[in-house]
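Following: one structure in structure tokens, then a few remarks.
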Amino acid sequence: MQRDLFEEEHQLFRETVREFLAREVAPHHDQWEKDGIVPREVWKKAGELGMFGFGVPEEFGGAGITDFRYNTVIDEEVMGIGATGLGFSLHNDIMAPYFVDLTNDEQKARWLPGFASGELITAVAMTEPGAGSDLQGIRTTAVREGDHYVVNGQKTFITNGINSDLVVVVAKTDPTAGARGTSLLVVERGMEGFGRGRNLDKVGMHAQDTAELFFENVRVPAANLLGDQEGQGFFQLMRNLPQERLSIAVMAVAVAETVLRATIEYCRSRKAFGSNIGSFQNTRFVLAELDTEVEIARHYVDKCVLALNAGELSAVDAAKAKWWTTELQTKTVDRCLQLHGGYGYMLEYPVAKAWVDSRVQTIYGGTTEIMKEIIGRSFGF
Ligand SMILES: Cc1cc2nc3c(=O)[nH]c(=O)nc-3n(C[C@H](O)[C@H](O)[C@H](O)COP(=O)(O)OP(=O)(O)OC[C@H]3O[C@@H](n4cnc5c(N)ncnc54)[C@H](O)[C@@H]3O)c2cc1C
């Protein structure tokens, strides 16, 4: 079916992004996988091209356009070349609402120009060694002392963990107040007591710096609190998590589609028993099922993008998009790998890399099980 999500300006933007990725990313990504990190220069180059912070007001160096279709274009193009090391989606899709919508004018002036130019790389630190799905169980504390908060604790699995300059840290400002005792504080590179641990060795996404962070008596100015008062952190997270989950769903469908198209081509040319493997009924049925499911997923996700733009994407709708598309992604790459036979297990084949890179998608941003909890709770049992 015809896709009708994009206008001409998005298609033009897609050409620009595609050209940038072909020039600045694709030739280097294998090396970045070996390095375990993407160099900061590529962030600056993407920033010069206007790839960050469309929603950042023009006075602070952005485009002043709130339209998630631009984010979608970037996510699709990045996934289209398997550049899973770029933390752009974390910065653009997940962090932008924290920095654009939850900041006051003084904070905007301090952070948004760097956000848009790619000179200030962002991250969000929710997860701790002892608490991931259960966010209320975090133990990092921020104790107010005069004009500062004193932050103590440890975070793990943080995307852009090594490269980040601004980290939105989820901390307890009042451990006795439950959901109302959590706040978001921006911890900046170089603050005394803020340390980085290991750049973690993962199953896939080897070019992505996913790291441990440590906070030991870090004195964070009270002026770095997001929101106009303490204790709003949990609600701020709930506000922004649907967009985070939609971003993951957009990428899930993009990966599934890319791998599927490549596999169809492979099945055209690979021969066994005197004919191409696409001539076997099993191959055609597997591809037919995947093609159907991926197309249906795409239309649901496109609808979610428009709902987000209209300010109407609910937590439940986003949870549906996240679990369904990421499970479909892992199923698709697994079945496509099978259709590649032994070559599918060789990392020089994109399907093999997609297989290892995809596995995490059903875990971060809220696991499949937590997504089903969100949907299930909506029935009011
Ligand atoms: C590559 C990568 C990047 C990440 N990036 C970030 C980041 O940038 N920032 C950040 O803060 N975090 C990040 N994370 C952390 C990620 O969000 C968590 O790993 C995830 O939320 C799950 O938390 P957990 O690992 O503690 O698992 P747990 O919460 O311990 O869950 C273990 C298992 O129990 C299940 N489970 C838990 N609770 C329930 C329940 N109520 N009902 C049924 N099943 C349940 C889970 O679904 C899972 O299968 C990242 C993780 C990875 C792997």
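Ordering of the structure tokens sets the chain letters (A, B, ...), residue numbers begin anew at 1 in every chain, and ligands are numbered from 1 in the order given.
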
Please report, as a Markdown table, each residue of segment 46-157 of chain A lying at most 12 Å from segment 347-355 of chain A, together with the nearest pair of atoms and the separation in Å rounded to one decimal; use only C-alpha atoms, and order rows by chain and ascending residue number.
```
| residue | atom | partner | partner_atom | distance |
| --- | --- | --- | --- | --- |
| A:Met79 | CA | A:Ala354 | CA | 9.3 |
| A:Gly80 | CA | A:Pro350 | CA | 10.3 |
| A:Ile81 | CA | A:Pro350 | CA | 8.8 |
| A:Gly82 | CA | A:Ala354 | CA | 7.0 |
| A:Ala83 | CA | A:Ala354 | CA | 9.9 |
| A:Thr84 | CA | A:Ala354 | CA | 9.1 |
| A:Gly85 | CA | A:Lys353 | CA | 12.0 |
```

*asked:* Would you pick out the contacts of Asn282 of chain A at 12 Å or less, using only C-alpha atoms, so that residues sharing its chain but fewer than 4 positions from it are not included, and give the list as a PyMOL selection string?
replied: chain A and resi 267+277-278+286-289+335+338-339

Output the neighbourhood of ligand 1 as a ChimeraX atom specification, that is, all protein and nucleic acid residues with some atom at most 9 Å from the ligand, counting only C-alpha atoms and all ligand atoms. /A:90,123-135,155-161,169-170,200,202-205,208-211,360-373

- Task: Would you mind telling me which residue in A:Leu12, A:Ala252, A:Leu225, A:Leu241 lies nearest to Val78 of chain A when using only C-alpha atoms?
- Result: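 Looking at the shortest contact to Val78 of chain A, the residue is A:Ala252.
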
Looking only at helix (DSSP H, G or I) from DSSP on the backbone, list the matching residues of segment 112-359 of chain A as a ChimeraX atom specification.
-> /A:112-117,135-137,178-181,222-224,233-269,277-279,281-309,315-339,341-345,350-359

- Message: Could you list, as a ChimeraX atom specification, every residue within 12 Å of Thr173 of chain A, counting only C-alpha atoms and ignoring same-chain residues fewer than 6 positions away?
- Response: /A:138-145,148-152,179-185,222,225,229-234

Residues flagged strand (DSSP E) by DSSP in segment 141-341 of chain A, as a ChimeraX atom specification
/A:141-145,148-159,166-172,182-188,194-199,210-221,271-272,275-276

The selected residues should be written to file as a PDB file, in the first residue's frame (atoms: C-alpha atoms).
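Output below, filename selection_4.pdb:
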```pdb
ATOM      1  CA  THR A 141      20.186  10.450  45.592  1.00  0.00           C
ATOM      2  CA  ALA A 142      20.340  14.218  45.141  1.00  0.00           C
ATOM      3  CA  VAL A 143      20.395  16.074  48.455  1.00  0.00           C
ATOM      4  CA  ARG A 144      19.838  19.804  48.414  1.00  0.00           C
ATOM      5  CA  GLU A 145      22.599  21.874  50.058  1.00  0.00           C
ATOM      6  CA  HIS A 148      23.425  22.830  44.893  1.00  0.00           C
ATOM      7  CA  TYR A 149      22.328  19.233  44.890  1.00  0.00           C
ATOM      8  CA  VAL A 150      24.843  16.675  46.073  1.00  0.00           C
ATOM      9  CA  VAL A 151      24.451  13.622  43.860  1.00  0.00           C
ATOM     10  CA  ASN A 152      25.572  10.129  44.853  1.00  0.00           C
ATOM     11  CA  GLY A 153      24.948   6.869  43.039  1.00  0.00           C
ATOM     12  CA  GLN A 154      25.715   4.695  40.075  1.00  0.00           C
ATOM     13  CA  LYS A 155      24.076   4.165  36.684  1.00  0.00           C
ATOM     14  CA  THR A 156      24.641   1.509  34.059  1.00  0.00           C
ATOM     15  CA  PHE A 157      23.839   0.660  30.410  1.00  0.00           C
ATOM     16  CA  ILE A 158      23.858   4.362  29.500  1.00  0.00           C
ATOM     17  CA  THR A 159      23.722   5.046  25.753  1.00  0.00           C
ATOM     18  CA  LEU A 166      24.999  16.537  29.382  1.00  0.00           C
ATOM     19  CA  VAL A 167      23.456  13.643  31.278  1.00  0.00           C
ATOM     20  CA  VAL A 168      19.899  13.814  32.551  1.00  0.00           C
ATOM     21  CA  VAL A 169      20.226  11.880  35.799  1.00  0.00           C
ATOM     22  CA  VAL A 170      17.199  10.407  37.519  1.00  0.00           C
ATOM     23  CA  ALA A 171      17.713  10.795  41.247  1.00  0.00           C
ATOM     24  CA  LYS A 172      15.741  10.690  44.479  1.00  0.00           C
ATOM     25  CA  THR A 182      12.180  11.725  42.060  1.00  0.00           C
ATOM     26  CA  SER A 183      13.822  14.578  40.129  1.00  0.00           C
ATOM     27  CA  LEU A 184      15.803  15.050  36.917  1.00  0.00           C
ATOM     28  CA  LEU A 185      19.152  16.833  37.151  1.00  0.00           C
ATOM     29  CA  VAL A 186      21.499  17.677  34.308  1.00  0.00           C
ATOM     30  CA  VAL A 187      25.011  16.568  35.225  1.00  0.00           C
ATOM     31  CA  GLU A 188      27.684  18.068  32.999  1.00  0.00           C
ATOM     32  CA  PHE A 194      31.300  12.558  37.984  1.00  0.00           C
ATOM     33  CA  GLY A 195      33.136   9.534  36.592  1.00  0.00           C
ATOM     34  CA  ARG A 196      32.701   7.139  33.700  1.00  0.00           C
ATOM     35  CA  GLY A 197      33.185   3.434  34.169  1.00  0.00           C
ATOM     36  CA  ARG A 198      33.528   0.752  31.532  1.00  0.00           C
ATOM     37  CA  ASN A 199      32.403   1.155  27.937  1.00  0.00           C
ATOM     38  CA  THR A 210      27.069   2.096  26.378  1.00  0.00           C
ATOM     39  CA  ALA A 211      28.668   2.838  29.694  1.00  0.00           C
ATOM     40  CA  GLU A 212      28.595   2.883  33.455  1.00  0.00           C
ATOM     41  CA  LEU A 213      28.442   6.255  35.199  1.00  0.00           C
ATOM     42  CA  PHE A 214      29.450   7.053  38.756  1.00  0.00           C
ATOM     43  CA  PHE A 215      28.476  10.013  40.928  1.00  0.00           C
ATOM     44  CA  GLU A 216      30.410  10.666  44.102  1.00  0.00           C
ATOM     45  CA  ASN A 217      29.381  13.784  45.963  1.00  0.00           C
ATOM     46  CA  VAL A 218      28.870  15.615  42.667  1.00  0.00           C
ATOM     47  CA  ARG A 219      27.811  19.175  43.404  1.00  0.00           C
ATOM     48  CA  VAL A 220      25.236  19.988  40.730  1.00  0.00           C
ATOM     49  CA  PRO A 221      23.896  23.568  40.680  1.00  0.00           C
ATOM     50  CA  LYS A 271      20.718 -21.657  -5.991  1.00  0.00           C
ATOM     51  CA  ALA A 272      20.055 -25.060  -4.433  1.00  0.00           C
ATOM     52  CA  SER A 275      16.808 -23.591  -8.842  1.00  0.00           C
ATOM     53  CA  ASN A 276      16.892 -20.429  -6.802  1.00  0.00           C
TER      54      ASN A 276
END
```

| said: So that I can check the surroundings of segment 260-264 of chain A, please list as a VMD selection string every protein, DNA and RNA residue that reaches within 9 Å of it, counting only C-alpha atoms and ignoring chain neighbours fewer than 2 positions away. | reply: chain A and resid 255 to 258 266 to 268 278 287 290 to 291 294 332 to 333 336 to 337 339 to 340 350 to 351

**Prompt:** In Å to one decimal, how far is atom CA of His29 of chain A from atom CA of Asp67 of chain A?
**Reply:**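 Separating atom CA of Asp67 of chain A from atom CA of His29 of chain A is a distance of 28.2 Å.
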
Here atom CA of Asp302 of chain A and atom CA of Leu5 of chain A stand apart by 6.3 Å

key: d(atom CA of Gly62 of chain A, atom CA of Ala116 of chain A) in Å   =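 Atom CA of Gly62 of chain A sits 5.7 Å away from atom CA of Ala116 of chain A.
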
Hey, what's within 8 Å of Trp111 of chain A if we count only C-alpha atoms and toss same-chain stuff fewer than 3 positions away? As number ranges by chain, please? A: 99, 107-108, 114-115, 120

inquiry  = Measuring between only C-alpha atoms, which one of A:Phe20, A:Phe88, A:Phe235, A:Tyr98 shows the shortest distance to Val56 of chain A?
reply    =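 Smallest separation from Val56 of chain A among the options: A:Tyr98.
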
Legend entry - Exercise: Pro242 of chain A partners within 9 Å, only C-alpha atoms, chain neighbours under 6 positions left out, as an NGL selection string: :A and (308 or 313-319)

What does the file look like for those residues with C-alpha atoms, as an mmCIF file, in the first residue's frame?
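Output saved as selection15.cif:
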```
data_model
loop_
_atom_site.group_PDB
_atom_site.id
_atom_site.type_symbol
_atom_site.label_atom_id
_atom_site.label_comp_id
_atom_site.auth_asym_id
_atom_site.auth_seq_id
_atom_site.Cartn_x
_atom_site.Cartn_y
_atom_site.Cartn_z
ATOM 1 C CA LEU A 308 2.673 12.185 18.301
ATOM 2 C CA LEU A 313 0.116 9.568 21.251
ATOM 3 C CA SER A 314 -0.913 7.724 24.405
ATOM 4 C CA ALA A 315 1.399 5.643 26.588
ATOM 5 C CA VAL A 316 -0.663 2.579 25.677
ATOM 6 C CA ASP A 317 -0.461 3.158 21.925
ATOM 7 C CA ALA A 318 3.289 3.695 22.168
ATOM 8 C CA ALA A 319 3.667 0.534 24.259
#
```
